[in-house]
2 protein chains.
Amino acid sequence: MANNRITDGSSEQQIKPYKKDADYSYTLGAFPTYELIKARPNQVRKVLVDTSFTDQEKLKKICDENNIPLEYNNKLIAKLSDKENCYVAGVFNKYNCELRSDKPHIVLVNPSNMGNLGTILRTAVGFGIYDIAIILPGADIYNPKTVRSSMGALFKLNFCQYQSFTEYQQQFSQHEIFTFMLNGENTLTLKDCPKVELFSLVFGNEATGLDNSFLKVGTSIFIPQSPDVDSLNLTIAVGIGAYVFTNQPK
Amino acid sequence: MANNRITDGSSEQQIKPYKKDADYSYTLGAFPTYELIKARPNQVRKVLVDTSFTDQEKLKKICDENNIPLEYNNKLIAKLSDKENCYVAGVFNKYNCELRSDKPHIVLVNPSNMGNLGTILRTAVGFGIYDIAIILPGADIYNPKTVRSSMGALFKLNFCQYQSFTEYQQQFSQHEIFTFMLNGENTLTLKDCPKVELFSLVFGNEATGLDNSFLKVGTSIFIPQSPDVDSLNLTIAVGIGAYVFTNQPK
């Protein structure tokens with residue numbers, strides 16, 4: 001029980017504002033911190049709490065149960081968070097996952113916006129897709145902005161980064177691939193939705209989408225949309241793709 | 001042609017950073033400004049351009065064609081925009097619209113986030129729904145943040161604000177109402193999607209959703225989702241509702 005203590009802020013290792021190359025990141029806010037503790041208790045280094053946080057009993061209890069140190073440190077929370085009204089933060093180790101080869105995937109090719117990435121993680125989990133591939137370069141999945149907009153969904157899923165789509169594809173050759181493209185050859189309708197269990201739904205970058213080489217990779221799909229918009233927002237496209245593929249009529 | 005001039009920034013009326021009670025707002029960026037000029041040319045007071053903007057010819061041409069004054073004013077653009085890389089801004093009059101009684105609507109009850117509101121407008125137009133009701137209090141539809149995240153879709157649709165849902169409902173009694181709720185009584189499936197042409201899709205606030213009184217207003221609908229998320233993001237829920245209702249199998 002050496003870890004199960006409440007410290008006064010003079011902890012041995014100094015926590016600094018987020019850096020991409022650090023081996024830890026953090027959750028900002030009580031909700032994602034609870035989600036972190038519930039889903040990945042062994043990865044939590046400590047929980048920071050502001051002395052004015054109102055529900056300290058509950059937080060103490062769940063930290064005690066998981067042998068997670070709780071540290072009162074108003075200054076550090078203020079420093080880590082650029083928003084007001086942040087009273088709790090969880091410091092966690094960056095960890096590695098592997099995607100499961102017998103479950104459907106969402107594949108994001110070069111996603112650039114951390115808020116979008118987090119929303120997509122939340123949406124994927126919402127529709128029961130728990131395995132997410134990111135083709136690099138892409139937004140930092142560990143950045144606290146991604147974590148925050150995922151509402152903690154990050155901790156409930158498996159994710160893995162790949163240097164190229166080919167690398168991903170070689171590893172998961174059993175998956176049927178569907179690429180979402182403005183010039184996709186098949187229109188996504190409710191009636192003719194593909195009936196397939198082991199699928200990869202592939203989406204491109206917010207600004208550029210998937211390039212034409214993806215027309216030849218699996219089945220290309222167009223979500224019908226009005227010419228009055230340039231395109232749908234990426235998160236909306238992922239939401240619709242995930243909804244339709246996880247609700248296929250039997 | 002008195003209006004069709006290029007000024008040097010010493011214009012008679014001073015444009016200030018956005019205020020909710022002003023009678024004008026602005027687009028930030030070239031893309032939404034072009035959308036503004038194309039869709040609502042008569043509402044444009046003037047277009048501001050930074051001297052380093054690269055495609056001045058095209059901008060001049062479209063302003064000329066619509067008798068819109070073009071003003072070189074780097075300082076003012078920098079002042080209006082809090083982001084870098086903004087080289088064009090359009091100043092437009094706030095205007096009123098009416099919803100059409102023979103077209104489907106999206107009804108947003110107390111939307112609180114301007115980015116979400118803009119994304120929803122873009123999504124609605126993407127699925128061919130051009131009439132949007134907002135039940136107050138709600139995010140400011142004219143705020144440049146909303147305009148920007150709508151990618152100019154704001155200018156292509158009709159919107160109207162109401163003091164209460166009852167006020168909206170009394171005006172559009174022919175519409176069949178569908179309320180999207182976590183405790184909705186009907187699950188939105190691809191097979192059993194309601195077949196109806198004149199519909200109102202009603203969505204609640206980001207944090208609180210629709211209260212239980214909406215269970216008795218029309219047909220309540222639940223988008224199936226995993227217990228591993230608190231809820232879907234509001235914009236995702238609107239996207240799925242709009243997609244399904246505008247793609248009903250015939």
# chains A, B, ... in the order shown; residues from 1 in each chain; ligands from 1
>>> interface_residues(of="chain A", to="chain B", cutoff="8 Å", atoms="only C-alpha atoms", output="PyMOL selection string")
chain A and resi 119+122-123+125-128+153+156+189-191+224-229+231-233+235-236+239-240+243-244+247-249
>>> residues_around(residues="Val107 (chain A)", least_positions_apart="5", cutoff="8 Å", atoms="only C-alpha atoms", output="list in words")
Ile132, Ala133, Ile134, Ile135, Ser200, Leu201, Val202 and Phe203 of chain A
>>> write_last_selection(atoms="all heavy atoms", output="PDB file, in the first residue's frame")
ATOM      1  N   ILE A 132      -9.183   1.004 -33.375  1.00  0.00           N
ATOM      2  CA  ILE A 132      -8.972   2.173 -34.216  1.00  0.00           C
ATOM      3  C   ILE A 132      -7.526   2.216 -34.698  1.00  0.00           C
ATOM      4  O   ILE A 132      -6.587   2.213 -33.892  1.00  0.00           O
ATOM      5  CB  ILE A 132      -9.226   3.477 -33.418  1.00  0.00           C
ATOM      6  CG1 ILE A 132     -10.567   3.427 -32.679  1.00  0.00           C
ATOM      7  CG2 ILE A 132      -9.132   4.705 -34.327  1.00  0.00           C
ATOM      8  CD1 ILE A 132     -11.774   3.455 -33.540  1.00  0.00           C
ATOM      9  N   ALA A 133      -7.362   2.295 -36.010  1.00  0.00           N
ATOM     10  CA  ALA A 133      -6.023   2.444 -36.587  1.00  0.00           C
ATOM     11  C   ALA A 133      -5.830   3.892 -37.038  1.00  0.00           C
ATOM     12  O   ALA A 133      -6.747   4.504 -37.571  1.00  0.00           O
ATOM     13  CB  ALA A 133      -5.863   1.510 -37.783  1.00  0.00           C
ATOM     14  N   ILE A 134      -4.638   4.407 -36.804  1.00  0.00           N
ATOM     15  CA  ILE A 134      -4.303   5.752 -37.273  1.00  0.00           C
ATOM     16  C   ILE A 134      -3.096   5.645 -38.192  1.00  0.00           C
ATOM     17  O   ILE A 134      -2.061   5.097 -37.799  1.00  0.00           O
ATOM     18  CB  ILE A 134      -4.003   6.698 -36.098  1.00  0.00           C
ATOM     19  CG1 ILE A 134      -5.278   6.887 -35.269  1.00  0.00           C
ATOM     20  CG2 ILE A 134      -3.474   8.041 -36.590  1.00  0.00           C
ATOM     21  CD1 ILE A 134      -5.061   7.649 -34.003  1.00  0.00           C
ATOM     22  N   ILE A 135      -3.264   6.124 -39.427  1.00  0.00           N
ATOM     23  CA  ILE A 135      -2.151   6.115 -40.364  1.00  0.00           C
ATOM     24  C   ILE A 135      -1.417   7.448 -40.241  1.00  0.00           C
ATOM     25  O   ILE A 135      -2.008   8.510 -40.427  1.00  0.00           O
ATOM     26  CB  ILE A 135      -2.636   5.906 -41.820  1.00  0.00           C
ATOM     27  CG1 ILE A 135      -3.633   4.728 -41.912  1.00  0.00           C
ATOM     28  CG2 ILE A 135      -1.449   5.724 -42.757  1.00  0.00           C
ATOM     29  CD1 ILE A 135      -3.095   3.392 -41.445  1.00  0.00           C
ATOM     30  N   SER A 200     -13.313  -2.889 -42.287  1.00  0.00           N
ATOM     31  CA  SER A 200     -12.515  -1.706 -41.943  1.00  0.00           C
ATOM     32  C   SER A 200     -13.140  -0.520 -42.650  1.00  0.00           C
ATOM     33  O   SER A 200     -13.246  -0.517 -43.871  1.00  0.00           O
ATOM     34  CB  SER A 200     -11.075  -1.847 -42.450  1.00  0.00           C
ATOM     35  OG  SER A 200     -10.429  -2.954 -41.883  1.00  0.00           O
ATOM     36  N   LEU A 201     -13.563   0.483 -41.885  1.00  0.00           N
ATOM     37  CA  LEU A 201     -14.094   1.714 -42.479  1.00  0.00           C
ATOM     38  C   LEU A 201     -12.954   2.726 -42.520  1.00  0.00           C
ATOM     39  O   LEU A 201     -12.406   3.082 -41.472  1.00  0.00           O
ATOM     40  CB  LEU A 201     -15.263   2.241 -41.646  1.00  0.00           C
ATOM     41  CG  LEU A 201     -16.378   1.231 -41.323  1.00  0.00           C
ATOM     42  CD1 LEU A 201     -17.504   1.921 -40.547  1.00  0.00           C
ATOM     43  CD2 LEU A 201     -16.913   0.599 -42.597  1.00  0.00           C
ATOM     44  N   VAL A 202     -12.614   3.208 -43.714  1.00  0.00           N
ATOM     45  CA  VAL A 202     -11.416   4.033 -43.876  1.00  0.00           C
ATOM     46  C   VAL A 202     -11.810   5.463 -44.258  1.00  0.00           C
ATOM     47  O   VAL A 202     -12.582   5.665 -45.202  1.00  0.00           O
ATOM     48  CB  VAL A 202     -10.502   3.441 -44.976  1.00  0.00           C
ATOM     49  CG1 VAL A 202      -9.202   4.218 -45.064  1.00  0.00           C
ATOM     50  CG2 VAL A 202     -10.224   1.966 -44.703  1.00  0.00           C
ATOM     51  N   PHE A 203     -11.271   6.439 -43.520  1.00  0.00           N
ATOM     52  CA  PHE A 203     -11.600   7.845 -43.736  1.00  0.00           C
ATOM     53  C   PHE A 203     -10.323   8.662 -43.874  1.00  0.00           C
ATOM     54  O   PHE A 203      -9.341   8.410 -43.173  1.00  0.00           O
ATOM     55  CB  PHE A 203     -12.405   8.395 -42.552  1.00  0.00           C
ATOM     56  CG  PHE A 203     -13.701   7.673 -42.328  1.00  0.00           C
ATOM     57  CD1 PHE A 203     -13.750   6.532 -41.540  1.00  0.00           C
ATOM     58  CD2 PHE A 203     -14.869   8.118 -42.925  1.00  0.00           C
ATOM     59  CE1 PHE A 203     -14.947   5.849 -41.341  1.00  0.00           C
ATOM     60  CE2 PHE A 203     -16.069   7.446 -42.730  1.00  0.00           C
ATOM     61  CZ  PHE A 203     -16.106   6.314 -41.944  1.00  0.00           C
TER      62      PHE A 203
END
>>> select_by_dssp(residues="region 32-162 of chain B", states="alpha helix (DSSP H)", output="ChimeraX atom specification")
/B:32-39,56-65,74-80,114-126,144-149
>>> write_last_selection(atoms="N, CA and C atoms", output="CSV table (one decimal), in the first residue's frame")
chain,number,residue,atom,x,y,z
B,32,PRO,N,-15.7,31.0,-46.6
B,32,PRO,CA,-17.0,31.5,-46.2
B,32,PRO,C,-17.4,32.8,-46.8
B,33,THR,N,-16.4,33.7,-47.1
B,33,THR,CA,-16.8,35.0,-47.7
B,33,THR,C,-17.3,34.8,-49.1
B,34,TYR,N,-16.7,33.9,-49.8
B,34,TYR,CA,-17.3,33.6,-51.2
B,34,TYR,C,-18.7,33.0,-51.1
B,35,GLU,N,-18.9,32.2,-50.1
B,35,GLU,CA,-20.2,31.6,-49.9
B,35,GLU,C,-21.2,32.7,-49.5
B,36,LEU,N,-20.8,33.6,-48.7
B,36,LEU,CA,-21.7,34.7,-48.3
B,36,LEU,C,-22.1,35.5,-49.6
B,37,ILE,N,-21.1,35.9,-50.4
B,37,ILE,CA,-21.4,36.7,-51.5
B,37,ILE,C,-22.3,36.0,-52.5
B,38,LYS,N,-22.0,34.7,-52.7
B,38,LYS,CA,-22.8,34.0,-53.7
B,38,LYS,C,-24.3,33.8,-53.2
B,39,ALA,N,-24.4,33.6,-51.9
B,39,ALA,CA,-25.8,33.3,-51.4
B,39,ALA,C,-26.6,34.5,-51.0
B,56,GLN,N,-6.3,37.9,-55.3
B,56,GLN,CA,-7.1,39.1,-55.3
B,56,GLN,C,-7.9,39.3,-56.5
B,57,GLU,N,-7.5,38.8,-57.7
B,57,GLU,CA,-8.2,39.0,-58.9
B,57,GLU,C,-9.6,38.4,-58.8
B,58,LYS,N,-9.7,37.2,-58.4
B,58,LYS,CA,-11.0,36.5,-58.3
B,58,LYS,C,-11.9,37.2,-57.3
B,59,LEU,N,-11.3,37.6,-56.2
B,59,LEU,CA,-12.1,38.3,-55.2
B,59,LEU,C,-12.7,39.7,-55.7
B,60,LYS,N,-11.8,40.4,-56.4
B,60,LYS,CA,-12.2,41.7,-57.0
B,60,LYS,C,-13.3,41.5,-57.9
B,61,LYS,N,-13.2,40.5,-58.8
B,61,LYS,CA,-14.2,40.2,-59.8
B,61,LYS,C,-15.5,40.0,-59.2
B,62,ILE,N,-15.6,39.1,-58.2
B,62,ILE,CA,-16.9,38.7,-57.7
B,62,ILE,C,-17.5,39.9,-56.9
B,63,CYS,N,-16.6,40.7,-56.3
B,63,CYS,CA,-17.1,41.9,-55.6
B,63,CYS,C,-17.7,42.9,-56.6
B,64,ASP,N,-16.9,43.1,-57.7
B,64,ASP,CA,-17.4,44.0,-58.7
B,64,ASP,C,-18.7,43.6,-59.3
B,65,GLU,N,-18.8,42.4,-59.6
B,65,GLU,CA,-20.1,41.8,-60.2
B,65,GLU,C,-21.3,42.1,-59.3
B,74,ASN,N,-5.3,45.5,-43.6
B,74,ASN,CA,-4.6,44.4,-42.8
B,74,ASN,C,-4.9,44.5,-41.3
B,75,LYS,N,-4.9,45.8,-40.8
B,75,LYS,CA,-5.0,46.0,-39.4
B,75,LYS,C,-6.4,45.5,-38.9
B,76,LEU,N,-7.4,45.9,-39.6
B,76,LEU,CA,-8.8,45.5,-39.2
B,76,LEU,C,-9.0,44.0,-39.2
B,77,ILE,N,-8.5,43.4,-40.3
B,77,ILE,CA,-8.7,41.9,-40.4
B,77,ILE,C,-8.0,41.2,-39.2
B,78,ALA,N,-6.8,41.7,-38.9
B,78,ALA,CA,-6.0,41.1,-37.7
B,78,ALA,C,-6.8,41.3,-36.5
B,79,LYS,N,-7.5,42.5,-36.3
B,79,LYS,CA,-8.2,42.8,-35.1
B,79,LYS,C,-9.5,41.9,-35.0
B,80,LEU,N,-10.1,41.7,-36.1
B,80,LEU,CA,-11.4,40.9,-36.1
B,80,LEU,C,-11.1,39.4,-35.9
B,114,MET,N,-21.2,27.2,-30.1
B,114,MET,CA,-21.2,27.8,-31.4
B,114,MET,C,-20.6,26.9,-32.5
B,115,GLY,N,-19.5,26.3,-32.1
B,115,GLY,CA,-18.9,25.4,-33.1
B,115,GLY,C,-19.8,24.2,-33.5
B,116,ASN,N,-20.5,23.6,-32.5
B,116,ASN,CA,-21.5,22.6,-32.8
B,116,ASN,C,-22.6,23.1,-33.7
B,117,LEU,N,-23.1,24.3,-33.3
B,117,LEU,CA,-24.2,24.9,-34.1
B,117,LEU,C,-23.8,25.1,-35.5
B,118,GLY,N,-22.6,25.6,-35.8
B,118,GLY,CA,-22.1,25.7,-37.2
B,118,GLY,C,-22.0,24.4,-37.9
B,119,THR,N,-21.4,23.4,-37.2
B,119,THR,CA,-21.3,22.1,-37.8
B,119,THR,C,-22.7,21.5,-38.1
B,120,ILE,N,-23.6,21.7,-37.3
B,120,ILE,CA,-25.0,21.2,-37.5
B,120,ILE,C,-25.6,21.9,-38.7
B,121,LEU,N,-25.4,23.2,-38.9
B,121,LEU,CA,-25.9,23.9,-40.1
B,121,LEU,C,-25.3,23.3,-41.4
B,122,ARG,N,-24.0,23.1,-41.3
B,122,ARG,CA,-23.3,22.5,-42.5
B,122,ARG,C,-23.9,21.1,-42.8
B,123,THR,N,-24.1,20.3,-41.7
B,123,THR,CA,-24.6,18.9,-41.9
B,123,THR,C,-26.1,19.0,-42.4
B,124,ALA,N,-26.9,19.9,-41.9
B,124,ALA,CA,-28.3,20.0,-42.4
B,124,ALA,C,-28.3,20.3,-43.9
B,125,VAL,N,-27.6,21.3,-44.3
B,125,VAL,CA,-27.5,21.6,-45.7
B,125,VAL,C,-27.0,20.4,-46.5
B,126,GLY,N,-26.0,19.7,-45.9
B,126,GLY,CA,-25.4,18.6,-46.6
B,126,GLY,C,-26.5,17.5,-46.9
B,144,PRO,N,-19.3,35.0,-35.5
B,144,PRO,CA,-18.3,34.6,-36.5
B,144,PRO,C,-17.8,33.2,-36.3
B,145,LYS,N,-17.8,32.7,-35.0
B,145,LYS,CA,-17.4,31.3,-34.8
B,145,LYS,C,-18.4,30.3,-35.4
B,146,THR,N,-19.7,30.6,-35.2
B,146,THR,CA,-20.8,29.8,-35.8
B,146,THR,C,-20.6,29.8,-37.3
B,147,VAL,N,-20.5,31.0,-37.9
B,147,VAL,CA,-20.4,31.2,-39.3
B,147,VAL,C,-19.2,30.4,-39.9
B,148,ARG,N,-18.1,30.5,-39.2
B,148,ARG,CA,-16.9,29.8,-39.6
B,148,ARG,C,-17.1,28.3,-39.6
B,149,SER,N,-17.7,27.8,-38.5
B,149,SER,CA,-17.8,26.3,-38.5
B,149,SER,C,-18.9,25.8,-39.4
>>> atom_distance(atom1="CA of Pro137 (chain B)", atom2="CA of Gly29 (chain A)")
25.9 Å
>>> atom_distance(atom1="CA of Lys94 (chain B)", atom2="CA of Gln163 (chain B)")
18.8 Å
>>> atom_distance(atom1="CA of Lys83 (chain A)", atom2="CA of Leu28 (chain A)")
9.2 Å
>>> closest_residue(among="B:Phe53, B:Asn113, B:Asp21, B:Asp102", to="Asp131 (chain B)", atoms="only C-alpha atoms")
B:Asp102
>>> select_by_dssp(residues="region 95-174 of chain A", states="strand (DSSP E)", output="PyMOL selection string")
chain A and resi 105-109+131-135+158-162
>>> residues_around(residues="Asn212 (chain B)", least_positions_apart="3", cutoff="10 Å", atoms="only C-alpha atoms", output="short mmCIF file (atom, residue, chain, number, x, y, z; two decimals) with C-alpha atoms, in the first residue's frame")
data_model
loop_
_atom_site.label_atom_id
_atom_site.label_comp_id
_atom_site.auth_asym_id
_atom_site.auth_seq_id
_atom_site.Cartn_x
_atom_site.Cartn_y
_atom_site.Cartn_z
CA MET B 181 -33.69 11.29 -26.59
CA ASN B 183 -34.77 7.44 -23.19
CA GLY B 184 -36.63 7.61 -26.50
CA GLY B 209 -30.56 16.68 -23.92
CA LEU B 215 -41.45 12.19 -24.51
CA LYS B 216 -45.07 13.22 -25.03
CA VAL B 217 -44.39 15.45 -28.03
#
>>> residues_around(residues="Leu136 (chain A)", least_positions_apart="4", cutoff="12 Å", atoms="only C-alpha atoms", output="VMD selection string")
chain A and resid 107 to 112 140 to 141 160 to 168 204 to 205
>>> residues_around(residues="Gly218 (chain A)", least_positions_apart="3", cutoff="8 Å", atoms="only C-alpha atoms", output="PyMOL selection string")
chain A and resi 176-179+214-215
>>> decode(residues="region 28-40 of chain B", atoms="all heavy atoms", output="mmCIF file, in the first residue's frame")
data_model
loop_
_atom_site.group_PDB
_atom_site.id
_atom_site.type_symbol
_atom_site.label_atom_id
_atom_site.label_comp_id
_atom_site.auth_asym_id
_atom_site.auth_seq_id
_atom_site.Cartn_x
_atom_site.Cartn_y
_atom_site.Cartn_z
ATOM 1 N N LEU B 28 -14.987 35.104 -41.607
ATOM 2 C CA LEU B 28 -13.522 35.143 -41.524
ATOM 3 C C LEU B 28 -12.953 34.067 -42.436
ATOM 4 O O LEU B 28 -13.241 32.888 -42.267
ATOM 5 C CB LEU B 28 -13.080 34.900 -40.080
ATOM 6 C CG LEU B 28 -13.499 35.975 -39.077
ATOM 7 C CD1 LEU B 28 -13.146 35.557 -37.653
ATOM 8 C CD2 LEU B 28 -12.851 37.314 -39.414
ATOM 9 N N GLY B 29 -12.177 34.481 -43.410
ATOM 10 C CA GLY B 29 -11.604 33.517 -44.349
ATOM 11 C C GLY B 29 -12.213 33.660 -45.730
ATOM 12 O O GLY B 29 -13.346 34.140 -45.883
ATOM 13 N N ALA B 30 -11.472 33.254 -46.726
ATOM 14 C CA ALA B 30 -11.927 33.434 -48.106
ATOM 15 C C ALA B 30 -13.125 32.543 -48.414
ATOM 16 O O ALA B 30 -14.116 32.994 -49.007
ATOM 17 C CB ALA B 30 -10.777 33.139 -49.072
ATOM 18 N N PHE B 31 -13.080 31.263 -47.998
ATOM 19 C CA PHE B 31 -14.146 30.344 -48.386
ATOM 20 C C PHE B 31 -15.526 30.792 -47.908
ATOM 21 O O PHE B 31 -16.435 30.952 -48.722
ATOM 22 C CB PHE B 31 -13.818 28.919 -47.912
ATOM 23 C CG PHE B 31 -14.823 27.905 -48.357
ATOM 24 C CD1 PHE B 31 -14.735 27.318 -49.606
ATOM 25 C CD2 PHE B 31 -15.887 27.555 -47.531
ATOM 26 C CE1 PHE B 31 -15.681 26.394 -50.029
ATOM 27 C CE2 PHE B 31 -16.835 26.630 -47.941
ATOM 28 C CZ PHE B 31 -16.737 26.051 -49.189
ATOM 29 N N PRO B 32 -15.709 31.027 -46.604
ATOM 30 C CA PRO B 32 -17.048 31.469 -46.178
ATOM 31 C C PRO B 32 -17.444 32.828 -46.766
ATOM 32 O O PRO B 32 -18.627 33.100 -46.939
ATOM 33 C CB PRO B 32 -16.955 31.519 -44.648
ATOM 34 C CG PRO B 32 -15.512 31.436 -44.320
ATOM 35 C CD PRO B 32 -14.822 30.779 -45.463
ATOM 36 N N THR B 33 -16.447 33.667 -47.073
ATOM 37 C CA THR B 33 -16.777 34.967 -47.656
ATOM 38 C C THR B 33 -17.326 34.794 -49.078
ATOM 39 O O THR B 33 -18.301 35.454 -49.467
ATOM 40 C CB THR B 33 -15.538 35.894 -47.643
ATOM 41 O OG1 THR B 33 -15.079 36.015 -46.289
ATOM 42 C CG2 THR B 33 -15.869 37.266 -48.200
ATOM 43 N N TYR B 34 -16.720 33.905 -49.839
ATOM 44 C CA TYR B 34 -17.271 33.604 -51.170
ATOM 45 C C TYR B 34 -18.685 33.042 -51.055
ATOM 46 O O TYR B 34 -19.580 33.390 -51.825
ATOM 47 C CB TYR B 34 -16.391 32.599 -51.916
ATOM 48 C CG TYR B 34 -15.124 33.191 -52.493
ATOM 49 C CD1 TYR B 34 -13.882 32.650 -52.194
ATOM 50 C CD2 TYR B 34 -15.183 34.291 -53.352
ATOM 51 C CE1 TYR B 34 -12.712 33.183 -52.716
ATOM 52 C CE2 TYR B 34 -14.017 34.833 -53.880
ATOM 53 C CZ TYR B 34 -12.787 34.280 -53.560
ATOM 54 O OH TYR B 34 -11.643 34.815 -54.079
ATOM 55 N N GLU B 35 -18.891 32.153 -50.092
ATOM 56 C CA GLU B 35 -20.227 31.565 -49.902
ATOM 57 C C GLU B 35 -21.241 32.653 -49.549
ATOM 58 O O GLU B 35 -22.376 32.632 -50.025
ATOM 59 C CB GLU B 35 -20.183 30.497 -48.800
ATOM 60 C CG GLU B 35 -19.283 29.312 -49.093
ATOM 61 C CD GLU B 35 -19.782 28.456 -50.247
ATOM 62 O OE1 GLU B 35 -20.774 27.730 -50.063
ATOM 63 O OE2 GLU B 35 -19.177 28.525 -51.333
ATOM 64 N N LEU B 36 -20.831 33.581 -48.703
ATOM 65 C CA LEU B 36 -21.695 34.717 -48.344
ATOM 66 C C LEU B 36 -22.086 35.518 -49.577
ATOM 67 O O LEU B 36 -23.259 35.821 -49.807
ATOM 68 C CB LEU B 36 -20.950 35.620 -47.343
ATOM 69 C CG LEU B 36 -21.504 37.030 -47.133
ATOM 70 C CD1 LEU B 36 -22.869 36.983 -46.441
ATOM 71 C CD2 LEU B 36 -20.533 37.888 -46.300
ATOM 72 N N ILE B 37 -21.085 35.865 -50.375
ATOM 73 C CA ILE B 37 -21.354 36.723 -51.540
ATOM 74 C C ILE B 37 -22.261 36.009 -52.539
ATOM 75 O O ILE B 37 -23.194 36.599 -53.094
ATOM 76 C CB ILE B 37 -20.032 37.141 -52.224
ATOM 77 C CG1 ILE B 37 -19.168 37.962 -51.259
ATOM 78 C CG2 ILE B 37 -20.310 37.940 -53.498
ATOM 79 C CD1 ILE B 37 -17.765 38.263 -51.778
ATOM 80 N N LYS B 38 -22.012 34.704 -52.722
ATOM 81 C CA LYS B 38 -22.829 33.964 -53.685
ATOM 82 C C LYS B 38 -24.274 33.839 -53.215
ATOM 83 O O LYS B 38 -25.204 33.966 -54.001
ATOM 84 C CB LYS B 38 -22.236 32.561 -53.905
ATOM 85 C CG LYS B 38 -21.076 32.549 -54.899
ATOM 86 C CD LYS B 38 -20.631 31.126 -55.207
ATOM 87 C CE LYS B 38 -19.636 30.623 -54.172
ATOM 88 N NZ LYS B 38 -19.144 29.260 -54.417
ATOM 89 N N ALA B 39 -24.449 33.584 -51.899
ATOM 90 C CA ALA B 39 -25.799 33.265 -51.407
ATOM 91 C C ALA B 39 -26.590 34.503 -51.001
ATOM 92 O O ALA B 39 -27.807 34.544 -51.156
ATOM 93 C CB ALA B 39 -25.708 32.288 -50.237
ATOM 94 N N ARG B 40 -25.914 35.519 -50.447
ATOM 95 C CA ARG B 40 -26.621 36.687 -49.899
ATOM 96 C C ARG B 40 -25.937 37.982 -50.323
ATOM 97 O O ARG B 40 -25.547 38.798 -49.467
ATOM 98 C CB ARG B 40 -26.627 36.627 -48.360
ATOM 99 C CG ARG B 40 -27.181 35.360 -47.750
ATOM 100 C CD ARG B 40 -28.683 35.427 -47.546
ATOM 101 N NE ARG B 40 -29.182 34.157 -47.043
ATOM 102 C CZ ARG B 40 -30.470 33.901 -46.837
ATOM 103 N NH1 ARG B 40 -31.384 34.850 -47.087
ATOM 104 N NH2 ARG B 40 -30.875 32.726 -46.404
#
